Amino acid sequence: MKMGLVVLVRNLLLTLCLCLVLGFMYYAAWKLHLLRWEDPNSGALTFDSVGRTLGSGLAVDSGQSRTQKEMIDARATQGPAQSKYDRLGFLLKLDSKLPAELATKYANLSDGACKPGYASALMTAIFPKFSRPAPMFLDDSFRKWARIRDFVPPFGIKGQDNLIKAILSATKEYHLTPALDSLSCRRCIIIGNGGVLANKSLGARIDDYDIVVRLNSAPVKGFEKDVGGKTTLRITYPEGAMQRPEEYEKDSLFVLAGFKWQDFKWLKYIVYKEKVSASDGFWKSVATRVPKEPPEIRILNPYFIQEAAFSFIGLPFNHGLMGRGNIPTLGTVAVTMALHSCDQVAVAGFGYDMSSPNAPLHYYESVRMAAIKESWTHNIQREKEFLRKLVKAHVITDLTSGI
């Protein structure tokens, strides 16, 4: 009996020692893991599509492109001190010359000819994580898209299923026009609202693009000489939409960028011609009627808001919720959309020159630059840094040189 008790105690002590050793090993491994990611010299961190830190990017996903794997191999070989990429994954040294393989690919095209795949090829060259496939608008398969399913507006559609389903059941259209969809190469231009557009006489040049994108309530009538008269898409949210029906262009698509759940509710009112309630949480008055039939209305894929914020600009992730300084401007969201949907991308009317306080803030009004105040929702400086990367690498063309 006594001998059995001794054996039992010995086994218990051995088990306890083994647990302590294993516990120490796990603790040491955990501490090493923390030290690795906290070390500021451990190399540029990479982020997933919603801004969460993944580490130094040494783990290769089976779906990665050859370019992505080469980037990761280069980081592992060169070490952190010689990394070619910043923390978001953009090339640190952006060459103003075309990469040799792209220069050769497009060398035989005549001047002014549309270059198929040009913008996305250049984007991939400076940002190897870029993946072009992403539908421009929500369609009836929206609930299957993992990239947006688990995030609330503005970065996803969580909680909006019934509203979106109701809207799409009425609109029944999820693409551009048949004529634009049939183009083998599409040239797009995003028109910003900046005062830099005034007196540039770019109207004819703007109208030459296949797709002209305008934002919020920026007017066209009376400003055609500088901003053109053509509108393909007008992207907006409730508070930014034109409030007078006569201001809307007849031959354009009305596109909602949903930044909050109320925006989808508002669009349902518009589509079904129901009364808009002023008590739905809007921060200013909104349009109560949009003179567009349901087939002329679209919902912008919120993935572009998500990608612009966290992958391209590097704004605070904030658990995937709208927060201070983590919402991209509509202009940058539209540029992000165009990188996925267009072969060549240009912008005009982008950029604020804060060194000229008396310059016009917008091309259509007399308000001066000095009136602009620090934004609670946007980080203008970081957006400018992102857009400058695109201009320097020729991913986009800035017609007004405001960026």
# chains A, B, ... in the order shown; residues from 1 in each chain; ligands from 1

call {"tool": "closest_atom_pairs", "arguments": {"of": "segment 142-200 of chain A", "to": "segment 344-358 of chain A", "cutoff": "12 Å", "atoms": "only C-alpha atoms", "output": "Markdown table"}}
result
| residue | atom | partner | partner_atom | distance |
| --- | --- | --- | --- | --- |
| A:Ser184 | CA | A:Gln344 | CA | 11.9 |
| A:Cys185 | CA | A:Gln344 | CA | 8.2 |
| A:Arg186 | CA | A:Gln344 | CA | 6.6 |
| A:Arg187 | CA | A:Gln344 | CA | 4.8 |
| A:Cys188 | CA | A:Val345 | CA | 5.0 |
| A:Ile189 | CA | A:Ala346 | CA | 4.5 |
| A:Ile190 | CA | A:Val347 | CA | 4.7 |
| A:Ile191 | CA | A:Ala348 | CA | 5.1 |
| A:Gly192 | CA | A:Gly349 | CA | 4.3 |
| A:Asn193 | CA | A:Gly349 | CA | 5.5 |
| A:Gly194 | CA | A:Gly349 | CA | 4.6 |
| A:Gly195 | CA | A:Gly349 | CA | 6.8 |
| A:Val196 | CA | A:Gly349 | CA | 5.5 |
| A:Leu197 | CA | A:Gly349 | CA | 4.9 |
| A:Ala198 | CA | A:Gly349 | CA | 8.5 |
| A:Asn199 | CA | A:Gly349 | CA | 11.4 |
| A:Lys200 | CA | A:Gly349 | CA | 10.0 |

call {"tool": "residues_around", "arguments": {"residues": "segment 138-155 of chain A", "least_positions_apart": "2", "cutoff": "7 Å", "atoms": "only C-alpha atoms", "output": "list of chain:residue names"}}
result
A:Ile157, A:Lys158, A:Gly159, A:Leu168, A:Tyr174, A:Gly258, A:Phe259, A:Lys260, A:Trp261, A:Ile299, A:Leu300, A:Asn301, A:Pro302, A:Tyr303, A:Ile305, A:Gln306, A:Gly320, A:Leu321, A:Met322

call {"tool": "write_last_selection", "arguments": {"atoms": "N, CA and C atoms", "output": "short mmCIF file (atom, residue, chain, number, x, y, z; two decimals), in the first residue's frame"}}
result
data_model
loop_
_atom_site.label_atom_id
_atom_site.label_comp_id
_atom_site.auth_asym_id
_atom_site.auth_seq_id
_atom_site.Cartn_x
_atom_site.Cartn_y
_atom_site.Cartn_z
N ILE A 157 -21.16 44.80 -46.45
CA ILE A 157 -22.63 44.80 -46.58
C ILE A 157 -23.32 44.10 -45.42
N LYS A 158 -22.58 43.77 -44.38
CA LYS A 158 -23.16 43.04 -43.26
C LYS A 158 -24.37 43.79 -42.69
N GLY A 159 -25.48 43.07 -42.55
CA GLY A 159 -26.70 43.66 -42.01
C GLY A 159 -27.57 44.34 -43.05
N LEU A 168 -32.04 45.44 -55.61
CA LEU A 168 -31.63 44.74 -56.83
C LEU A 168 -32.79 44.05 -57.52
N TYR A 174 -26.85 45.24 -63.44
CA TYR A 174 -25.66 45.22 -62.60
C TYR A 174 -24.40 45.59 -63.38
N GLY A 258 -22.42 53.41 -50.59
CA GLY A 258 -23.04 53.28 -49.28
C GLY A 258 -22.03 53.37 -48.15
N PHE A 259 -22.03 54.49 -47.44
CA PHE A 259 -21.09 54.68 -46.34
C PHE A 259 -21.68 54.31 -44.98
N LYS A 260 -23.01 54.16 -44.92
CA LYS A 260 -23.67 53.80 -43.66
C LYS A 260 -24.98 53.10 -43.99
N TRP A 261 -25.53 52.42 -42.99
CA TRP A 261 -26.73 51.63 -43.28
C TRP A 261 -27.89 52.49 -43.76
N ILE A 299 -25.47 50.03 -57.31
CA ILE A 299 -24.82 50.11 -56.00
C ILE A 299 -23.35 49.82 -56.20
N LEU A 300 -22.51 50.76 -55.85
CA LEU A 300 -21.06 50.57 -55.99
C LEU A 300 -20.60 49.45 -55.07
N ASN A 301 -19.73 48.61 -55.57
CA ASN A 301 -19.16 47.54 -54.76
C ASN A 301 -18.37 48.14 -53.59
N PRO A 302 -18.79 47.90 -52.33
CA PRO A 302 -18.09 48.52 -51.19
C PRO A 302 -16.67 48.02 -51.00
N TYR A 303 -16.28 46.98 -51.75
CA TYR A 303 -14.89 46.53 -51.66
C TYR A 303 -13.92 47.64 -52.04
N ILE A 305 -14.20 50.79 -51.35
CA ILE A 305 -14.00 51.65 -50.17
C ILE A 305 -13.03 50.96 -49.22
N GLN A 306 -13.22 49.68 -49.03
CA GLN A 306 -12.36 48.88 -48.15
C GLN A 306 -10.91 48.87 -48.65
N GLY A 320 -12.78 47.31 -38.45
CA GLY A 320 -13.70 47.28 -39.60
C GLY A 320 -14.87 48.21 -39.48
N LEU A 321 -14.80 49.17 -38.56
CA LEU A 321 -15.90 50.12 -38.37
C LEU A 321 -15.48 51.52 -38.80
N MET A 322 -16.47 52.34 -39.17
CA MET A 322 -16.20 53.73 -39.49
C MET A 322 -15.68 54.43 -38.23
#

call {"tool": "atom_distance", "arguments": {"atom1": "atom CA of Lys93 of chain A", "atom2": "atom CA of Leu122 of chain A"}}
result
13.9 Å

call {"tool": "residues_around", "arguments": {"residues": "segment 307-314 of chain A", "least_positions_apart": "4", "cutoff": "10 Å", "atoms": "only C-alpha atoms", "output": "JSON, numbers by chain"}}
result
{"A": [46, 47, 48, 49, 50, 51, 52, 87, 88, 89, 90, 127, 129, 130, 147, 155, 302, 303, 320, 325, 326, 327, 328, 329, 330, 332, 333, 334, 335, 336, 337, 378, 379, 380, 381, 382, 383, 384, 385, 386, 387]}

call {"tool": "atom_distance", "arguments": {"atom1": "atom CA of Glu101 of chain A", "atom2": "atom CA of Asp208 of chain A"}}
result
28.3 Å

call {"tool": "residues_around", "arguments": {"residues": "Tyr118 of chain A", "least_positions_apart": "3", "cutoff": "12 Å", "atoms": "only C-alpha atoms", "output": "mmCIF file with all heavy atoms, in the first residue's frame"}}
result
data_model
loop_
_atom_site.group_PDB
_atom_site.id
_atom_site.type_symbol
_atom_site.label_atom_id
_atom_site.label_comp_id
_atom_site.auth_asym_id
_atom_site.auth_seq_id
_atom_site.Cartn_x
_atom_site.Cartn_y
_atom_site.Cartn_z
ATOM 1 N N LEU A 98 8.490 53.677 -68.006
ATOM 2 C CA LEU A 98 7.726 52.436 -68.052
ATOM 3 C C LEU A 98 8.656 51.249 -67.841
ATOM 4 O O LEU A 98 9.793 51.252 -68.313
ATOM 5 C CB LEU A 98 7.046 52.286 -69.415
ATOM 6 C CG LEU A 98 5.785 53.088 -69.701
ATOM 7 C CD1 LEU A 98 5.310 52.805 -71.112
ATOM 8 C CD2 LEU A 98 4.693 52.757 -68.717
ATOM 9 N N PRO A 99 8.190 50.206 -67.124
ATOM 10 C CA PRO A 99 8.976 48.968 -67.058
ATOM 11 C C PRO A 99 9.244 48.456 -68.466
ATOM 12 O O PRO A 99 8.400 48.591 -69.359
ATOM 13 C CB PRO A 99 8.064 48.019 -66.277
ATOM 14 C CG PRO A 99 7.197 48.918 -65.467
ATOM 15 C CD PRO A 99 6.973 50.143 -66.316
ATOM 16 N N GLU A 101 9.283 45.588 -69.975
ATOM 17 C CA GLU A 101 8.361 44.653 -70.613
ATOM 18 C C GLU A 101 7.070 45.334 -71.061
ATOM 19 O O GLU A 101 6.497 44.987 -72.097
ATOM 20 C CB GLU A 101 8.050 43.477 -69.683
ATOM 21 C CG GLU A 101 7.308 43.833 -68.401
ATOM 22 C CD GLU A 101 8.224 44.266 -67.268
ATOM 23 O OE1 GLU A 101 9.392 44.594 -67.545
ATOM 24 O OE2 GLU A 101 7.764 44.279 -66.112
ATOM 25 N N LEU A 102 6.637 46.361 -70.306
ATOM 26 C CA LEU A 102 5.425 47.080 -70.696
ATOM 27 C C LEU A 102 5.699 48.038 -71.846
ATOM 28 O O LEU A 102 4.862 48.221 -72.731
ATOM 29 C CB LEU A 102 4.857 47.837 -69.494
ATOM 30 C CG LEU A 102 4.347 46.984 -68.336
ATOM 31 C CD1 LEU A 102 3.796 47.861 -67.229
ATOM 32 C CD2 LEU A 102 3.286 46.004 -68.810
ATOM 33 N N ALA A 103 6.875 48.646 -71.842
ATOM 34 C CA ALA A 103 7.244 49.530 -72.949
ATOM 35 C C ALA A 103 7.255 48.760 -74.261
ATOM 36 O O ALA A 103 6.809 49.252 -75.304
ATOM 37 C CB ALA A 103 8.608 50.160 -72.670
ATOM 38 N N LYS A 105 5.556 45.911 -74.818
ATOM 39 C CA LYS A 105 4.197 45.437 -75.096
ATOM 40 C C LYS A 105 3.365 46.484 -75.810
ATOM 41 O O LYS A 105 2.583 46.163 -76.712
ATOM 42 C CB LYS A 105 3.523 45.038 -73.784
ATOM 43 C CG LYS A 105 2.080 44.574 -73.944
ATOM 44 C CD LYS A 105 1.476 44.177 -72.599
ATOM 45 C CE LYS A 105 0.026 43.743 -72.753
ATOM 46 N NZ LYS A 105 -0.568 43.342 -71.447
ATOM 47 N N TYR A 106 3.504 47.768 -75.404
ATOM 48 C CA TYR A 106 2.658 48.819 -75.958
ATOM 49 C C TYR A 106 3.369 49.672 -77.014
ATOM 50 O O TYR A 106 2.822 50.668 -77.465
ATOM 51 C CB TYR A 106 2.158 49.715 -74.830
ATOM 52 C CG TYR A 106 1.263 48.994 -73.843
ATOM 53 C CD1 TYR A 106 1.679 48.762 -72.532
ATOM 54 C CD2 TYR A 106 0.017 48.532 -74.228
ATOM 55 C CE1 TYR A 106 0.862 48.099 -71.622
ATOM 56 C CE2 TYR A 106 -0.799 47.864 -73.328
ATOM 57 C CZ TYR A 106 -0.377 47.641 -72.031
ATOM 58 O OH TYR A 106 -1.186 46.979 -71.146
ATOM 59 N N LEU A 109 1.544 50.408 -80.475
ATOM 60 C CA LEU A 109 0.273 51.126 -80.517
ATOM 61 C C LEU A 109 0.496 52.570 -80.939
ATOM 62 O O LEU A 109 1.463 53.211 -80.531
ATOM 63 C CB LEU A 109 -0.398 51.098 -79.140
ATOM 64 C CG LEU A 109 -0.911 49.742 -78.654
ATOM 65 C CD1 LEU A 109 -1.436 49.851 -77.241
ATOM 66 C CD2 LEU A 109 -1.995 49.211 -79.575
ATOM 67 N N ALA A 113 -3.953 55.770 -78.953
ATOM 68 C CA ALA A 113 -4.738 54.534 -78.970
ATOM 69 C C ALA A 113 -4.900 53.999 -77.553
ATOM 70 O O ALA A 113 -4.011 54.128 -76.713
ATOM 71 C CB ALA A 113 -4.059 53.488 -79.841
ATOM 72 N N CYS A 114 -6.049 53.413 -77.295
ATOM 73 C CA CYS A 114 -6.300 52.826 -75.983
ATOM 74 C C CYS A 114 -5.402 51.612 -75.774
ATOM 75 O O CYS A 114 -5.222 50.794 -76.683
ATOM 76 C CB CYS A 114 -7.773 52.419 -75.863
ATOM 77 S SG CYS A 114 -8.258 51.871 -74.208
ATOM 78 N N LYS A 115 -4.843 51.496 -74.585
ATOM 79 C CA LYS A 115 -3.885 50.427 -74.269
ATOM 80 C C LYS A 115 -4.555 49.404 -73.355
ATOM 81 O O LYS A 115 -4.728 49.666 -72.162
ATOM 82 C CB LYS A 115 -2.650 51.012 -73.589
ATOM 83 C CG LYS A 115 -1.922 52.052 -74.446
ATOM 84 C CD LYS A 115 -0.830 52.750 -73.641
ATOM 85 C CE LYS A 115 -0.154 53.829 -74.477
ATOM 86 N NZ LYS A 115 0.861 54.571 -73.697
ATOM 87 N N ALA A 121 -1.715 46.718 -65.297
ATOM 88 C CA ALA A 121 -0.350 46.207 -65.434
ATOM 89 C C ALA A 121 0.633 47.091 -64.678
ATOM 90 O O ALA A 121 1.526 46.597 -63.966
ATOM 91 C CB ALA A 121 0.041 46.132 -66.912
ATOM 92 N N LEU A 122 0.473 48.412 -64.798
ATOM 93 C CA LEU A 122 1.347 49.327 -64.081
ATOM 94 C C LEU A 122 1.091 49.259 -62.572
ATOM 95 O O LEU A 122 2.027 49.353 -61.763
ATOM 96 C CB LEU A 122 1.150 50.748 -64.588
ATOM 97 C CG LEU A 122 1.749 51.058 -65.966
ATOM 98 C CD1 LEU A 122 1.314 52.437 -66.432
ATOM 99 C CD2 LEU A 122 3.259 50.990 -65.920
ATOM 100 N N MET A 123 -0.178 49.123 -62.195
ATOM 101 C CA MET A 123 -0.508 49.022 -60.774
ATOM 102 C C MET A 123 0.140 47.787 -60.166
ATOM 103 O O MET A 123 0.701 47.833 -59.058
ATOM 104 C CB MET A 123 -2.031 48.971 -60.599
ATOM 105 C CG MET A 123 -2.489 48.994 -59.153
ATOM 106 S SD MET A 123 -2.041 50.549 -58.329
ATOM 107 C CE MET A 123 -2.645 50.202 -56.663
ATOM 108 N N THR A 124 0.085 46.671 -60.871
ATOM 109 C CA THR A 124 0.696 45.437 -60.370
ATOM 110 C C THR A 124 2.206 45.570 -60.286
ATOM 111 O O THR A 124 2.838 45.005 -59.387
ATOM 112 C CB THR A 124 0.314 44.254 -61.271
ATOM 113 O OG1 THR A 124 -1.114 44.162 -61.358
ATOM 114 C CG2 THR A 124 0.857 42.953 -60.727
ATOM 115 N N ALA A 125 2.794 46.359 -61.200
ATOM 116 C CA ALA A 125 4.243 46.541 -61.187
ATOM 117 C C ALA A 125 4.709 47.280 -59.927
ATOM 118 O O ALA A 125 5.788 47.002 -59.400
ATOM 119 C CB ALA A 125 4.682 47.304 -62.436
ATOM 120 N N ARG A 132 -6.904 42.445 -60.100
ATOM 121 C CA ARG A 132 -7.904 43.244 -60.809
ATOM 122 C C ARG A 132 -9.350 42.769 -60.643
ATOM 123 O O ARG A 132 -10.250 43.600 -60.499
ATOM 124 C CB ARG A 132 -7.552 43.314 -62.298
ATOM 125 C CG ARG A 132 -8.504 44.229 -63.068
ATOM 126 C CD ARG A 132 -8.107 44.383 -64.515
ATOM 127 N NE ARG A 132 -8.991 45.332 -65.197
ATOM 128 C CZ ARG A 132 -8.873 45.677 -66.462
ATOM 129 N NH1 ARG A 132 -7.918 45.161 -67.197
ATOM 130 N NH2 ARG A 132 -9.706 46.535 -67.006
ATOM 131 N N CYS A 185 -11.387 47.910 -74.959
ATOM 132 C CA CYS A 185 -10.475 48.752 -74.188
ATOM 133 C C CYS A 185 -11.250 49.990 -73.740
ATOM 134 O O CYS A 185 -11.904 50.641 -74.571
ATOM 135 C CB CYS A 185 -9.264 49.150 -75.044
ATOM 136 S SG CYS A 185 -7.922 49.941 -74.131
ATOM 137 N N ARG A 186 -11.170 50.302 -72.453
ATOM 138 C CA ARG A 186 -11.966 51.415 -71.917
ATOM 139 C C ARG A 186 -11.056 52.472 -71.293
ATOM 140 O O ARG A 186 -10.229 52.181 -70.439
ATOM 141 C CB ARG A 186 -12.949 50.908 -70.857
ATOM 142 C CG ARG A 186 -14.019 50.004 -71.418
ATOM 143 C CD ARG A 186 -15.196 49.849 -70.474
ATOM 144 N NE ARG A 186 -14.876 49.135 -69.261
ATOM 145 C CZ ARG A 186 -15.649 48.199 -68.707
ATOM 146 N NH1 ARG A 186 -16.781 47.862 -69.287
ATOM 147 N NH2 ARG A 186 -15.310 47.620 -67.587
ATOM 148 N N ARG A 187 -11.258 53.710 -71.716
ATOM 149 C CA ARG A 187 -10.530 54.850 -71.156
ATOM 150 C C ARG A 187 -11.479 55.613 -70.240
ATOM 151 O O ARG A 187 -12.550 56.051 -70.651
ATOM 152 C CB ARG A 187 -10.007 55.762 -72.272
ATOM 153 C CG ARG A 187 -9.010 55.079 -73.194
ATOM 154 C CD ARG A 187 -8.780 55.869 -74.474
ATOM 155 N NE ARG A 187 -8.170 57.170 -74.189
ATOM 156 C CZ ARG A 187 -8.781 58.340 -74.377
ATOM 157 N NH1 ARG A 187 -10.031 58.371 -74.829
ATOM 158 N NH2 ARG A 187 -8.164 59.459 -74.115
ATOM 159 N N CYS A 188 -11.077 55.770 -68.989
ATOM 160 C CA CYS A 188 -11.951 56.380 -67.981
ATOM 161 C C CYS A 188 -11.302 57.617 -67.377
ATOM 162 O O CYS A 188 -10.084 57.676 -67.229
ATOM 163 C CB CYS A 188 -12.251 55.386 -66.858
ATOM 164 S SG CYS A 188 -12.956 53.817 -67.410
ATOM 165 N N ALA A 338 -11.878 52.472 -60.767
ATOM 166 C CA ALA A 338 -11.409 52.560 -62.146
ATOM 167 C C ALA A 338 -10.198 51.666 -62.391
ATOM 168 O O ALA A 338 -10.037 51.104 -63.480
ATOM 169 C CB ALA A 338 -11.082 54.008 -62.494
ATOM 170 N N LEU A 339 -9.334 51.509 -61.398
ATOM 171 C CA LEU A 339 -8.170 50.639 -61.560
ATOM 172 C C LEU A 339 -8.599 49.202 -61.838
ATOM 173 O O LEU A 339 -7.895 48.453 -62.527
ATOM 174 C CB LEU A 339 -7.291 50.688 -60.305
ATOM 175 C CG LEU A 339 -6.593 52.016 -60.018
ATOM 176 C CD1 LEU A 339 -5.835 51.943 -58.692
ATOM 177 C CD2 LEU A 339 -5.637 52.404 -61.149
ATOM 178 N N HIS A 340 -9.744 48.801 -61.306
ATOM 179 C CA HIS A 340 -10.260 47.453 -61.526
ATOM 180 C C HIS A 340 -11.056 47.335 -62.820
ATOM 181 O O HIS A 340 -11.145 46.244 -63.389
ATOM 182 C CB HIS A 340 -11.169 47.050 -60.357
ATOM 183 C CG HIS A 340 -10.437 46.751 -59.093
ATOM 184 N ND1 HIS A 340 -9.921 45.514 -58.791
ATOM 185 C CD2 HIS A 340 -10.122 47.543 -58.044
ATOM 186 C CE1 HIS A 340 -9.332 45.544 -57.607
ATOM 187 N NE2 HIS A 340 -9.446 46.777 -57.125
ATOM 188 N N SER A 341 -11.639 48.422 -63.269
ATOM 189 C CA SER A 341 -12.640 48.337 -64.333
ATOM 190 C C SER A 341 -12.222 48.962 -65.657
ATOM 191 O O SER A 341 -12.905 48.759 -66.662
ATOM 192 C CB SER A 341 -13.934 49.023 -63.860
ATOM 193 O OG SER A 341 -14.331 48.536 -62.603
ATOM 194 N N CYS A 342 -11.147 49.730 -65.667
ATOM 195 C CA CYS A 342 -10.752 50.479 -66.862
ATOM 196 C C CYS A 342 -9.343 50.107 -67.303
ATOM 197 O O CYS A 342 -8.516 49.694 -66.491
ATOM 198 C CB CYS A 342 -10.816 51.981 -66.598
ATOM 199 S SG CYS A 342 -12.419 52.534 -65.964
ATOM 200 N N ASP A 343 -9.073 50.282 -68.582
ATOM 201 C CA ASP A 343 -7.744 49.981 -69.111
ATOM 202 C C ASP A 343 -6.793 51.161 -68.972
ATOM 203 O O ASP A 343 -5.594 50.973 -68.781
ATOM 204 C CB ASP A 343 -7.864 49.570 -70.584
ATOM 205 C CG ASP A 343 -8.672 48.294 -70.740
ATOM 206 O OD1 ASP A 343 -8.103 47.209 -70.515
ATOM 207 O OD2 ASP A 343 -9.871 48.378 -71.051
ATOM 208 N N GLN A 344 -7.316 52.359 -69.101
ATOM 209 C CA GLN A 344 -6.541 53.564 -68.852
ATOM 210 C C GLN A 344 -7.355 54.485 -67.955
ATOM 211 O O GLN A 344 -8.575 54.594 -68.113
ATOM 212 C CB GLN A 344 -6.182 54.270 -70.170
ATOM 213 C CG GLN A 344 -5.098 53.550 -70.961
ATOM 214 C CD GLN A 344 -4.715 54.311 -72.218
ATOM 215 O OE1 GLN A 344 -4.920 53.817 -73.322
ATOM 216 N NE2 GLN A 344 -4.160 55.488 -72.065
ATOM 217 N N VAL A 345 -6.671 55.147 -67.020
ATOM 218 C CA VAL A 345 -7.363 55.961 -66.022
ATOM 219 C C VAL A 345 -6.733 57.348 -65.958
ATOM 220 O O VAL A 345 -5.511 57.486 -65.876
ATOM 221 C CB VAL A 345 -7.302 55.307 -64.622
ATOM 222 C CG1 VAL A 345 -8.042 56.165 -63.599
ATOM 223 C CG2 VAL A 345 -7.889 53.900 -64.662
ATOM 224 N N ALA A 346 -7.584 58.362 -65.994
ATOM 225 C CA ALA A 346 -7.134 59.742 -65.832
ATOM 226 C C ALA A 346 -7.986 60.412 -64.769
ATOM 227 O O ALA A 346 -9.084 59.949 -64.437
ATOM 228 C CB ALA A 346 -7.236 60.505 -67.151
ATOM 229 N N ALA A 393 4.120 56.830 -61.200
ATOM 230 C CA ALA A 393 4.341 55.564 -61.894
ATOM 231 C C ALA A 393 3.507 55.440 -63.161
ATOM 232 O O ALA A 393 3.481 54.377 -63.782
ATOM 233 C CB ALA A 393 4.026 54.405 -60.951
ATOM 234 N N HIS A 394 2.805 56.522 -63.560
ATOM 235 C CA HIS A 394 1.978 56.550 -64.779
ATOM 236 C C HIS A 394 0.784 55.604 -64.715
ATOM 237 O O HIS A 394 0.206 55.274 -65.756
ATOM 238 C CB HIS A 394 2.812 56.221 -66.022
ATOM 239 C CG HIS A 394 3.926 57.173 -66.283
ATOM 240 N ND1 HIS A 394 3.728 58.460 -66.716
ATOM 241 C CD2 HIS A 394 5.267 57.023 -66.140
ATOM 242 C CE1 HIS A 394 4.890 59.064 -66.847
ATOM 243 N NE2 HIS A 394 5.847 58.223 -66.497
ATOM 244 N N VAL A 395 0.404 55.160 -63.524
ATOM 245 C CA VAL A 395 -0.790 54.330 -63.406
ATOM 246 C C VAL A 395 -2.022 55.162 -63.776
ATOM 247 O O VAL A 395 -2.938 54.675 -64.435
ATOM 248 C CB VAL A 395 -0.933 53.788 -61.970
ATOM 249 C CG1 VAL A 395 -2.200 52.946 -61.836
ATOM 250 C CG2 VAL A 395 0.288 52.962 -61.592
ATOM 251 N N ILE A 396 -2.034 56.424 -63.355
ATOM 252 C CA ILE A 396 -3.093 57.360 -63.744
ATOM 253 C C ILE A 396 -2.458 58.621 -64.307
ATOM 254 O O ILE A 396 -1.285 58.910 -64.039
ATOM 255 C CB ILE A 396 -4.022 57.731 -62.571
ATOM 256 C CG1 ILE A 396 -3.270 58.512 -61.483
ATOM 257 C CG2 ILE A 396 -4.677 56.486 -61.990
ATOM 258 C CD1 ILE A 396 -4.158 59.033 -60.350
ATOM 259 N N THR A 397 -3.219 59.366 -65.082
ATOM 260 C CA THR A 397 -2.775 60.634 -65.652
ATOM 261 C C THR A 397 -3.568 61.763 -64.997
ATOM 262 O O THR A 397 -4.798 61.691 -64.930
ATOM 263 C CB THR A 397 -3.010 60.669 -67.172
ATOM 264 O OG1 THR A 397 -2.305 59.579 -67.772
ATOM 265 C CG2 THR A 397 -2.519 61.973 -67.769
#
